[in-house]
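All remarks here apply to the structure that follows.
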2 protein chains.
Amino acid sequence: MFSQSEENYIKAIYHLAVDSSVKGISTNAIAKKLATKASSVTDMIKKLSEKKVVVYKKYQGVTLTDFGKKTATNIIRKHRLWEVFLVEKLNFSWDEVHEVAEQLEHIKSPKLINELDIFLGFPKRDPHGDPIPDSEGNLQIIEKSLLAVLNKGEEGICVGVDDTSSEFLQFLDKQGIALGKRIKVIEKEPFDGSLLIQLDDKELSISNKIANNLYIQQ
Amino acid sequence: MFSQSEENYIKAIYHLAVDSSVKGISTNAIAKKLATKASSVTDMIKKLSEKKVVVYKKYQGVTLTDFGKKTATNIIRKHRLWEVFLVEKLNFSWDEVHEVAEQLEHIKSPKLINELDIFLGFPKRDPHGDPIPDSEGNLQIIEKSLLAVLNKGEEGICVGVDDTSSEFLQFLDKQGIALGKRIKVIEKEPFDGSLLIQLDDKELSISNKIANNLYIQQ
DNA sequence: TATAATTTTTAGTCATGTCTAAAAATCATT
DNA sequence: AATGATTTTTAGACATGACTAAAAATTATA
Ligand SMILES: [Mn+2]
Ligand SMILES: [Mn+2]
Ligand SMILES: [Mn+2]
Ligand SMILES: [Mn+2]
């Protein structure tokens, strides 16, 4: 069994590894993600290495073992299932779930999480469009592209967000942008990368920063 | 905010105070309840005293302040609501919920617990018949008596259990004893305190130990 | 390739929560 | 009231997980 702290490190390393294509994850990157100090990361890395969760050579960064990856996807499965529960059953909005799921993901009970999965009807995505790993840790990859890379005239369905901060999510709510909405690029401004999009028969101008945090399935 | 460990101590002190009618709760009693050592209890008691949760004078035992009682009932509210959730929604049996609720009771989120209460339809009792405090910490007292104190010929409805160990609860399942069942004392054996009871038109002999852990409402 | 900047590790400290062993206080018994 | 038993506290240690400051290694730059 892993402590809450160990689990947070394992998850952070997994997420960094998924979207960074580099072999070893750096101490500093982990420290930044977890808002802690590099020296603390080095300490924890040594422990996780002892426990065969990561492969670690001094100054070379860290890589998850298969066991480590399995552990990580299991925590992510719990996190995302709880997020679905909070939104679907307890009237949380998608910008309120993260903090609570961050706690709930550490509850130890295999029965709990499998029954929760059943109760929720085996959801495939969490409220932010992220895929939910199955109990073996398999996680379906969804082909999706950032809205920012679409060309003028192209369109698709909004299927996810990259940034899950409540500021960003509340902004999307305010603009009427939600998962499942059809978005079409009407105009693309070369100067600042801003887009004019069509949403629900309205036209809307969104900045490049926004377009770089919205995933579209074409 | 309190740590998980602090919360476990607060809850233990509350429970000991409720069913022991003595002013000060002893260090040893707390140690026994939490399966820890008296010296650890003394350390923690000092900290809780600093935080105004308990009143403590050396060698005199410990008493919860109003603030401490409020904190305790809040944890108990969470514990019992989660137990209801597990049984009603996730197909847990009443002997499987305790361990998990012991973890879930420490999740910090006022919205979570209030929404859970709504979702469950404001239950008044947990799966073991124990009352669920409201959000102000008020807890209705249920008049109930141990089956062991009933006299020959008396009867009532089973409304609670004192021991919530899975061994005891599974034993009750096996005998067909459950909350809501009507029980009548047919015969009372003075020698060992065992009872012959009527349950569902069957007669059943139960030991004094069992009768001392079953609550009846007459 | 030497030097500077950055990253990573080490050394030492601290808070929390636990423990054992010993001392001190309280309680029980005669 | 004295003695013995029990309870409680203290003292000192340890594990976990964090921190700061300094040293060491790596990477970037001239
Ligand atoms: Mn977490
Ligand atoms: Mn999510
Ligand atoms: Mn607990
Ligand atoms: Mn209960």
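For the structure tokens, the naming scheme is as follows: chains receive sequential letters (A, B, ...) according to their order of presentation, residues are indexed from 1 within each chain, and ligands are indexed from 1 in presentation order.
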Distance-based interface of chain A with chain B, 9 Å, counting only C-alpha atoms, as a list of chain:residue names:
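Taken together, these residues fit the definition: A:Leu86, A:Lys89, A:Leu90, A:Asn91, A:Phe92, A:Glu99, A:Val100, A:Gln103, A:Leu104, A:Ile107, A:Lys108, A:Ser109, A:Lys111, A:Leu112, A:Glu115, A:Leu116, A:Ile118, A:Phe119.
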List as a list in words the protein and nucleic acid residues lying within 8 Å of ligand 4, with only C-alpha atoms (C1' of nucleotides) and all ligand atoms counted.
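So the residues close to ligand 4 are His79, Arg80, Glu83, Val97, His98, Asp126, Pro127, His128, Gly129, Asp130 and Thr164 of chain B.
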Using DSSP on the backbone, list every residue of chain B that comes out as strand (DSSP E or B), and give them as an MDAnalysis selection string.
chainID B and resid 25 54:56 62:64 125 131 145:146 155:161 182:188 195:199 202:206 214:217
Take CA of Ser39 in chain B and C1' of DA21 in chain C and report the distance between them in Å, one decimal.
11.2 Å
Would you kindly report the residues of chain B within 10 Å of chain C, using only C-alpha atoms (C1' of nucleotides), as a PDB file with C-alpha atoms, in the first residue's frame?
```pdb
ATOM      1  CA  SER B   3      -5.724  15.924  10.874  1.00  0.00           C
ATOM      2  CA  SER B   5      -5.440  11.333  13.522  1.00  0.00           C
ATOM      3  CA  GLU B   6      -6.827  14.216  15.555  1.00  0.00           C
ATOM      4  CA  THR B  36      -2.573   2.689  20.661  1.00  0.00           C
ATOM      5  CA  LYS B  37      -0.391   3.371  23.703  1.00  0.00           C
ATOM      6  CA  SER B  39       1.832   7.690  26.078  1.00  0.00           C
ATOM      7  CA  SER B  40       0.645   8.479  22.557  1.00  0.00           C
ATOM      8  CA  ASP B  43       0.757  13.535  23.635  1.00  0.00           C
ATOM      9  CA  MET B  44      -2.335  13.951  21.504  1.00  0.00           C
ATOM     10  CA  LYS B  58      -2.968  16.083  34.277  1.00  0.00           C
ATOM     11  CA  TYR B  59      -4.063  12.760  35.721  1.00  0.00           C
ATOM     12  CA  GLN B  60      -7.703  13.894  35.574  1.00  0.00           C
TER      13      GLN B  60
END
```
Any idea what the distance is between CA of Val87 in chain B and CA of Asp173 in chain B?
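Rounded to one decimal, the two atoms are 14.6 Å apart.
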Among range 1-216 of chain A, which ones does DSSP assign to helix (DSSP H, G or I) (computed from the backbone)? Answer as a tab-separated table (two decimals) with N, CA, C and O atoms, in the first residue's frame.
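Final output, result16.tsv:
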```tsv
chain	number	residue	atom	x	y	z
A	4	GLN	N	-0.77	8.53	0.99
A	4	GLN	CA	-1.40	9.58	0.18
A	4	GLN	C	-0.33	10.37	-0.57
A	4	GLN	O	-0.48	10.66	-1.75
A	5	SER	N	0.73	10.65	0.14
A	5	SER	CA	1.81	11.44	-0.46
A	5	SER	C	2.49	10.68	-1.60
A	5	SER	O	2.70	11.23	-2.69
A	6	GLU	N	2.78	9.42	-1.35
A	6	GLU	CA	3.37	8.60	-2.41
A	6	GLU	C	2.45	8.54	-3.63
A	6	GLU	O	2.91	8.68	-4.77
A	7	GLU	N	1.16	8.37	-3.39
A	7	GLU	CA	0.22	8.31	-4.51
A	7	GLU	C	0.20	9.60	-5.31
A	7	GLU	O	0.12	9.57	-6.54
A	8	ASN	N	0.28	10.72	-4.62
A	8	ASN	CA	0.30	11.99	-5.35
A	8	ASN	C	1.54	12.11	-6.24
A	8	ASN	O	1.46	12.61	-7.36
A	9	TYR	N	2.66	11.65	-5.75
A	9	TYR	CA	3.87	11.66	-6.57
A	9	TYR	C	3.72	10.73	-7.78
A	9	TYR	O	4.07	11.09	-8.90
A	10	ILE	N	3.22	9.53	-7.55
A	10	ILE	CA	3.07	8.56	-8.63
A	10	ILE	C	2.18	9.12	-9.74
A	10	ILE	O	2.50	9.05	-10.93
A	11	LYS	N	1.08	9.73	-9.32
A	11	LYS	CA	0.16	10.31	-10.29
A	11	LYS	C	0.81	11.46	-11.05
A	11	LYS	O	0.69	11.56	-12.28
A	12	ALA	N	1.52	12.30	-10.33
A	12	ALA	CA	2.18	13.45	-10.97
A	12	ALA	C	3.19	12.98	-12.01
A	12	ALA	O	3.25	13.50	-13.13
A	13	ILE	N	3.98	11.96	-11.66
A	13	ILE	CA	4.98	11.45	-12.60
A	13	ILE	C	4.29	10.88	-13.83
A	13	ILE	O	4.70	11.13	-14.96
A	14	TYR	N	3.20	10.15	-13.59
A	14	TYR	CA	2.46	9.59	-14.73
A	14	TYR	C	1.98	10.68	-15.67
A	14	TYR	O	2.19	10.61	-16.89
A	15	HIS	N	1.34	11.70	-15.14
A	15	HIS	CA	0.80	12.77	-15.98
A	15	HIS	C	1.92	13.50	-16.74
A	15	HIS	O	1.80	13.80	-17.92
A	16	LEU	N	3.03	13.74	-16.05
A	16	LEU	CA	4.15	14.41	-16.71
A	16	LEU	C	4.71	13.55	-17.83
A	16	LEU	O	5.06	14.06	-18.90
A	17	ALA	N	4.78	12.24	-17.58
A	17	ALA	CA	5.33	11.33	-18.60
A	17	ALA	C	4.42	11.27	-19.82
A	17	ALA	O	4.90	11.27	-20.95
A	18	VAL	N	3.11	11.24	-19.60
A	18	VAL	CA	2.16	11.13	-20.71
A	18	VAL	C	2.31	12.31	-21.67
A	18	VAL	O	2.43	12.13	-22.87
A	27	THR	N	13.35	16.06	-11.73
A	27	THR	CA	13.04	16.42	-10.35
A	27	THR	C	12.30	17.76	-10.27
A	27	THR	O	11.28	17.87	-9.58
A	28	ASN	N	12.83	18.72	-11.01
A	28	ASN	CA	12.20	20.05	-10.99
A	28	ASN	C	10.77	20.05	-11.52
A	28	ASN	O	9.91	20.74	-10.97
A	29	ALA	N	10.53	19.27	-12.57
A	29	ALA	CA	9.18	19.21	-13.14
A	29	ALA	C	8.20	18.66	-12.11
A	29	ALA	O	7.09	19.18	-11.96
A	30	ILE	N	8.62	17.62	-11.42
A	30	ILE	CA	7.75	17.03	-10.39
A	30	ILE	C	7.52	18.02	-9.26
A	30	ILE	O	6.39	18.19	-8.79
A	31	ALA	N	8.59	18.69	-8.86
A	31	ALA	CA	8.48	19.68	-7.78
A	31	ALA	C	7.49	20.77	-8.15
A	31	ALA	O	6.64	21.17	-7.34
A	32	LYS	N	7.57	21.23	-9.39
A	32	LYS	CA	6.68	22.30	-9.84
A	32	LYS	C	5.24	21.81	-9.83
A	32	LYS	O	4.35	22.49	-9.31
A	33	LYS	N	5.01	20.62	-10.38
A	33	LYS	CA	3.65	20.08	-10.47
A	33	LYS	C	3.02	19.91	-9.09
A	33	LYS	O	1.83	20.14	-8.92
A	38	ALA	N	12.49	20.71	-4.78
A	38	ALA	CA	13.24	19.66	-5.47
A	38	ALA	C	13.87	18.67	-4.49
A	38	ALA	O	13.91	17.47	-4.75
A	39	SER	N	14.33	19.17	-3.38
A	39	SER	CA	14.96	18.27	-2.41
A	39	SER	C	13.96	17.27	-1.84
A	39	SER	O	14.29	16.11	-1.60
A	40	SER	N	12.72	17.71	-1.66
A	40	SER	CA	11.68	16.79	-1.20
A	40	SER	C	11.42	15.72	-2.26
A	40	SER	O	11.22	14.54	-1.94
A	41	VAL	N	11.44	16.13	-3.51
A	41	VAL	CA	11.21	15.19	-4.60
A	41	VAL	C	12.30	14.13	-4.63
A	41	VAL	O	12.02	12.93	-4.76
A	42	THR	N	13.54	14.56	-4.49
A	42	THR	CA	14.65	13.60	-4.49
A	42	THR	C	14.45	12.55	-3.39
A	42	THR	O	14.61	11.35	-3.62
A	43	ASP	N	14.09	13.01	-2.21
A	43	ASP	CA	13.83	12.08	-1.10
A	43	ASP	C	12.76	11.06	-1.48
A	43	ASP	O	12.94	9.85	-1.29
A	44	MET	N	11.64	11.56	-2.00
A	44	MET	CA	10.52	10.66	-2.31
A	44	MET	C	10.87	9.71	-3.45
A	44	MET	O	10.52	8.52	-3.41
A	45	ILE	N	11.57	10.23	-4.43
A	45	ILE	CA	11.99	9.41	-5.57
A	45	ILE	C	12.82	8.20	-5.13
A	45	ILE	O	12.66	7.09	-5.64
A	46	LYS	N	13.67	8.43	-4.18
A	46	LYS	CA	14.49	7.33	-3.66
A	46	LYS	C	13.60	6.26	-3.04
A	46	LYS	O	13.81	5.06	-3.23
A	47	LYS	N	12.58	6.72	-2.30
A	47	LYS	CA	11.69	5.76	-1.66
A	47	LYS	C	10.90	4.98	-2.71
A	47	LYS	O	10.77	3.75	-2.63
A	48	LEU	N	10.38	5.70	-3.71
A	48	LEU	CA	9.60	5.03	-4.76
A	48	LEU	C	10.47	4.08	-5.57
A	48	LEU	O	10.01	3.05	-6.05
A	49	SER	N	11.72	4.41	-5.67
A	49	SER	CA	12.65	3.53	-6.36
A	49	SER	C	12.87	2.24	-5.57
A	49	SER	O	12.86	1.14	-6.13
A	50	GLU	N	13.04	2.37	-4.27
A	50	GLU	CA	13.12	1.20	-3.37
A	50	GLU	C	11.91	0.29	-3.54
A	50	GLU	O	12.02	-0.93	-3.52
A	66	ASP	N	6.31	-0.76	-14.97
A	66	ASP	CA	4.97	-1.21	-15.31
A	66	ASP	C	4.08	-1.21	-14.07
A	66	ASP	O	2.92	-0.79	-14.12
A	67	PHE	N	4.67	-1.65	-12.97
A	67	PHE	CA	3.93	-1.62	-11.71
A	67	PHE	C	3.53	-0.19	-11.33
A	67	PHE	O	2.40	0.06	-10.89
A	68	GLY	N	4.45	0.73	-11.54
A	68	GLY	CA	4.16	2.14	-11.25
A	68	GLY	C	3.04	2.68	-12.12
A	68	GLY	O	2.16	3.41	-11.64
A	69	LYS	N	3.06	2.30	-13.41
A	69	LYS	CA	2.02	2.77	-14.33
A	69	LYS	C	0.66	2.22	-13.93
A	69	LYS	O	-0.34	2.93	-13.95
A	70	LYS	N	0.65	0.95	-13.56
A	70	LYS	CA	-0.58	0.30	-13.12
A	70	LYS	C	-1.14	1.03	-11.89
A	70	LYS	O	-2.34	1.32	-11.80
A	71	THR	N	-0.25	1.30	-10.96
A	71	THR	CA	-0.65	2.03	-9.76
A	71	THR	C	-1.22	3.41	-10.11
A	71	THR	O	-2.25	3.82	-9.59
A	72	ALA	N	-0.55	4.08	-11.03
A	72	ALA	CA	-0.99	5.43	-11.42
A	72	ALA	C	-2.37	5.41	-12.06
A	72	ALA	O	-3.25	6.20	-11.67
A	73	THR	N	-2.58	4.50	-13.01
A	73	THR	CA	-3.88	4.49	-13.69
A	73	THR	C	-4.99	4.10	-12.72
A	73	THR	O	-6.13	4.54	-12.87
A	74	ASN	N	-4.63	3.32	-11.72
A	74	ASN	CA	-5.64	2.97	-10.72
A	74	ASN	C	-6.07	4.19	-9.92
A	74	ASN	O	-7.26	4.36	-9.62
A	75	ILE	N	-5.12	5.03	-9.57
A	75	ILE	CA	-5.46	6.26	-8.84
A	75	ILE	C	-6.28	7.19	-9.74
A	75	ILE	O	-7.27	7.78	-9.31
A	76	ILE	N	-5.89	7.27	-11.00
A	76	ILE	CA	-6.59	8.13	-11.95
A	76	ILE	C	-8.01	7.62	-12.18
A	76	ILE	O	-8.97	8.40	-12.26
A	77	ARG	N	-8.14	6.30	-12.25
A	77	ARG	CA	-9.49	5.70	-12.36
A	77	ARG	C	-10.37	6.15	-11.20
A	77	ARG	O	-11.51	6.59	-11.39
A	78	LYS	N	-9.83	6.08	-10.01
A	78	LYS	CA	-10.61	6.49	-8.84
A	78	LYS	C	-10.95	7.98	-8.90
A	78	LYS	O	-12.11	8.37	-8.69
A	79	HIS	N	-9.96	8.79	-9.21
A	79	HIS	CA	-10.17	10.24	-9.31
A	79	HIS	C	-11.31	10.57	-10.27
A	79	HIS	O	-12.22	11.32	-9.94
A	80	ARG	N	-11.27	9.97	-11.44
A	80	ARG	CA	-12.23	10.32	-12.48
A	80	ARG	C	-13.62	9.75	-12.20
A	80	ARG	O	-14.63	10.40	-12.49
A	81	LEU	N	-13.67	8.55	-11.63
A	81	LEU	CA	-14.99	8.01	-11.26
A	81	LEU	C	-15.64	8.88	-10.19
A	81	LEU	O	-16.84	9.17	-10.25
A	82	TRP	N	-14.87	9.30	-9.21
A	82	TRP	CA	-15.44	10.17	-8.19
A	82	TRP	C	-15.90	11.50	-8.79
A	82	TRP	O	-16.95	12.03	-8.40
A	83	GLU	N	-15.15	12.02	-9.76
A	83	GLU	CA	-15.59	13.26	-10.41
A	83	GLU	C	-16.94	13.07	-11.09
A	83	GLU	O	-17.82	13.94	-10.99
A	84	VAL	N	-17.11	11.94	-11.76
A	84	VAL	CA	-18.40	11.65	-12.39
A	84	VAL	C	-19.49	11.59	-11.33
A	84	VAL	O	-20.57	12.19	-11.49
A	85	PHE	N	-19.20	10.89	-10.25
A	85	PHE	CA	-20.19	10.79	-9.16
A	85	PHE	C	-20.62	12.17	-8.66
A	85	PHE	O	-21.81	12.45	-8.50
A	86	LEU	N	-19.64	13.01	-8.43
A	86	LEU	CA	-19.93	14.33	-7.86
A	86	LEU	C	-20.81	15.15	-8.81
A	86	LEU	O	-21.74	15.83	-8.37
A	87	VAL	N	-20.53	15.07	-10.11
A	87	VAL	CA	-21.29	15.86	-11.08
A	87	VAL	C	-22.66	15.24	-11.34
A	87	VAL	O	-23.68	15.94	-11.32
A	88	GLU	N	-22.69	13.93	-11.54
A	88	GLU	CA	-23.93	13.28	-11.94
A	88	GLU	C	-24.92	13.11	-10.79
A	88	GLU	O	-26.11	13.17	-10.99
A	89	LYS	N	-24.38	12.85	-9.60
A	89	LYS	CA	-25.27	12.51	-8.49
A	89	LYS	C	-25.38	13.60	-7.43
A	89	LYS	O	-26.38	13.69	-6.73
A	90	LEU	N	-24.32	14.39	-7.27
A	90	LEU	CA	-24.35	15.35	-6.16
A	90	LEU	C	-24.37	16.81	-6.60
A	90	LEU	O	-24.03	17.71	-5.80
A	97	VAL	N	-15.17	19.93	-8.78
A	97	VAL	CA	-14.92	18.54	-8.40
A	97	VAL	C	-13.46	18.20	-8.09
A	97	VAL	O	-13.18	17.24	-7.37
A	98	HIS	N	-12.56	18.97	-8.63
A	98	HIS	CA	-11.17	18.52	-8.62
A	98	HIS	C	-10.60	18.35	-7.21
A	98	HIS	O	-10.03	17.31	-6.87
A	99	GLU	N	-10.79	19.36	-6.40
A	99	GLU	CA	-10.25	19.37	-5.04
A	99	GLU	C	-10.75	18.18	-4.21
A	99	GLU	O	-9.99	17.52	-3.51
A	100	VAL	N	-12.05	17.91	-4.33
A	100	VAL	CA	-12.64	16.81	-3.57
A	100	VAL	C	-12.15	15.46	-4.11
A	100	VAL	O	-11.80	14.56	-3.34
A	101	ALA	N	-12.11	15.34	-5.44
A	101	ALA	CA	-11.63	14.08	-6.04
A	101	ALA	C	-10.18	13.83	-5.66
A	101	ALA	O	-9.75	12.68	-5.53
A	102	GLU	N	-9.44	14.90	-5.48
A	102	GLU	CA	-8.04	14.80	-5.06
A	102	GLU	C	-7.94	14.08	-3.70
A	102	GLU	O	-6.95	13.39	-3.43
A	103	GLN	N	-8.95	14.24	-2.87
A	103	GLN	CA	-8.98	13.52	-1.60
A	103	GLN	C	-9.55	12.11	-1.77
A	103	GLN	O	-9.00	11.14	-1.26
A	104	LEU	N	-10.68	12.02	-2.48
A	104	LEU	CA	-11.38	10.75	-2.59
A	104	LEU	C	-10.56	9.68	-3.30
A	104	LEU	O	-10.71	8.49	-3.03
A	110	PRO	N	-11.11	-1.79	-2.86
A	110	PRO	CA	-11.40	-2.26	-4.23
A	110	PRO	C	-12.91	-2.38	-4.47
A	110	PRO	O	-13.40	-1.98	-5.51
A	111	LYS	N	-13.63	-2.90	-3.48
A	111	LYS	CA	-15.08	-3.05	-3.66
A	111	LYS	C	-15.74	-1.70	-3.91
A	111	LYS	O	-16.61	-1.57	-4.77
A	112	LEU	N	-15.32	-0.70	-3.13
A	112	LEU	CA	-15.91	0.63	-3.27
A	112	LEU	C	-15.82	1.12	-4.71
A	112	LEU	O	-16.81	1.56	-5.30
A	113	ILE	N	-14.65	1.02	-5.29
A	113	ILE	CA	-14.48	1.64	-6.61
A	113	ILE	C	-15.17	0.82	-7.69
A	113	ILE	O	-15.76	1.39	-8.62
A	114	ASN	N	-15.19	-0.50	-7.55
A	114	ASN	CA	-15.89	-1.30	-8.55
A	114	ASN	C	-17.40	-1.10	-8.46
A	114	ASN	O	-18.08	-1.01	-9.48
A	115	GLU	N	-17.92	-1.00	-7.25
A	115	GLU	CA	-19.35	-0.76	-7.09
A	115	GLU	C	-19.73	0.63	-7.57
A	115	GLU	O	-20.81	0.85	-8.13
A	116	LEU	N	-18.84	1.58	-7.34
A	116	LEU	CA	-19.10	2.94	-7.81
A	116	LEU	C	-19.19	2.95	-9.33
A	116	LEU	O	-20.07	3.58	-9.92
A	117	ASP	N	-18.28	2.22	-9.96
A	117	ASP	CA	-18.27	2.10	-11.42
A	117	ASP	C	-19.60	1.54	-11.91
A	117	ASP	O	-20.22	2.07	-12.84
A	118	ILE	N	-20.07	0.47	-11.25
A	118	ILE	CA	-21.35	-0.13	-11.61
A	118	ILE	C	-22.49	0.87	-11.41
A	118	ILE	O	-23.32	1.09	-12.28
A	119	PHE	N	-22.48	1.51	-10.22
A	119	PHE	CA	-23.54	2.46	-9.87
A	119	PHE	C	-23.64	3.59	-10.90
A	119	PHE	O	-24.73	4.06	-11.22
A	147	LEU	N	-8.44	22.95	-30.49
A	147	LEU	CA	-9.20	23.87	-31.34
A	147	LEU	C	-8.25	24.80	-32.10
A	147	LEU	O	-8.50	25.16	-33.27
A	148	ALA	N	-7.14	25.13	-31.46
A	148	ALA	CA	-6.19	26.08	-32.05
A	148	ALA	C	-5.58	25.58	-33.36
A	148	ALA	O	-5.13	26.39	-34.18
A	149	VAL	N	-5.55	24.26	-33.57
A	149	VAL	CA	-4.92	23.76	-34.81
A	149	VAL	C	-5.91	23.61	-35.95
A	149	VAL	O	-5.52	23.31	-37.08
A	166	SER	N	-10.69	26.09	-12.17
A	166	SER	CA	-12.07	26.57	-12.09
A	166	SER	C	-12.24	27.89	-12.83
A	166	SER	O	-13.30	28.16	-13.38
A	167	GLU	N	-11.18	28.71	-12.89
A	167	GLU	CA	-11.29	29.97	-13.64
A	167	GLU	C	-11.62	29.69	-15.10
A	167	GLU	O	-12.53	30.29	-15.68
A	168	PHE	N	-10.85	28.78	-15.69
A	168	PHE	CA	-11.07	28.45	-17.10
A	168	PHE	C	-12.44	27.83	-17.32
A	168	PHE	O	-13.18	28.21	-18.23
A	169	LEU	N	-12.81	26.88	-16.46
A	169	LEU	CA	-14.07	26.17	-16.64
A	169	LEU	C	-15.26	27.11	-16.46
A	169	LEU	O	-16.25	27.03	-17.19
A	170	GLN	N	-15.14	28.03	-15.50
A	170	GLN	CA	-16.22	28.99	-15.31
A	170	GLN	C	-16.32	29.94	-16.49
A	170	GLN	O	-17.41	30.37	-16.88
A	171	PHE	N	-15.17	30.27	-17.05
A	171	PHE	CA	-15.17	31.11	-18.26
A	171	PHE	C	-15.93	30.40	-19.39
A	171	PHE	O	-16.77	31.02	-20.07
A	172	LEU	N	-15.65	29.10	-19.56
A	172	LEU	CA	-16.35	28.35	-20.60
A	172	LEU	C	-17.85	28.33	-20.35
A	172	LEU	O	-18.65	28.52	-21.28
A	173	ASP	N	-18.24	28.12	-19.09
A	173	ASP	CA	-19.66	28.15	-18.74
A	173	ASP	C	-20.29	29.47	-19.18
A	173	ASP	O	-21.36	29.51	-19.77
A	174	LYS	N	-19.59	30.56	-18.86
A	174	LYS	CA	-20.10	31.90	-19.16
A	174	LYS	C	-20.29	32.08	-20.66
A	174	LYS	O	-21.24	32.72	-21.11
A	175	GLN	N	-19.37	31.50	-21.45
A	175	GLN	CA	-19.45	31.64	-22.91
A	175	GLN	C	-20.39	30.62	-23.53
A	175	GLN	O	-20.60	30.64	-24.74
A	208	ASN	N	-6.39	32.93	-28.47
A	208	ASN	CA	-5.55	31.78	-28.77
A	208	ASN	C	-5.34	30.91	-27.54
A	208	ASN	O	-5.31	29.69	-27.61
A	209	LYS	N	-5.23	31.57	-26.39
A	209	LYS	CA	-5.02	30.82	-25.15
A	209	LYS	C	-6.19	29.87	-24.89
A	209	LYS	O	-5.98	28.72	-24.51
A	210	ILE	N	-7.39	30.37	-25.09
A	210	ILE	CA	-8.58	29.52	-24.93
A	210	ILE	C	-8.54	28.37	-25.94
A	210	ILE	O	-8.72	27.20	-25.59
A	211	ALA	N	-8.25	28.71	-27.19
A	211	ALA	CA	-8.25	27.70	-28.26
A	211	ALA	C	-7.20	26.62	-28.02
A	211	ALA	O	-7.32	25.50	-28.50
```
Could you list, as a PyMOL selection string, the residues of chain D having an atom within 9 Å of chain B when counting only C-alpha atoms (C1' of nucleotides)?
chain D and resi 7-10
Could you save the residues just selected, with C-alpha atoms (C1' of nucleotides), as a PDB file, in the first residue's frame?
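As written to disk, out27.pdb reads:
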```pdb
ATOM      1  C1'  DT D   7      -2.423   4.577  35.707  1.00  0.00           C
ATOM      2  C1'  DT D   8      -0.456   8.446  33.700  1.00  0.00           C
ATOM      3  C1'  DT D   9       3.205  11.268  32.305  1.00  0.00           C
ATOM      4  C1'  DT D  10       7.872  12.193  30.792  1.00  0.00           C
TER       5       DT D  10
END
```
CA of Lys51 in chain B and atom 1 (Mn, counted along the ligand's line) of ligand 1 are how many Å apart?
26.5 Å
Polymer residues at most 8 Å from Asn151 in chain A, only C-alpha atoms (C1' of nucleotides), same-chain spacing of 3 or more positions, as a PyMOL selection string
chain A and resi 154+185+188
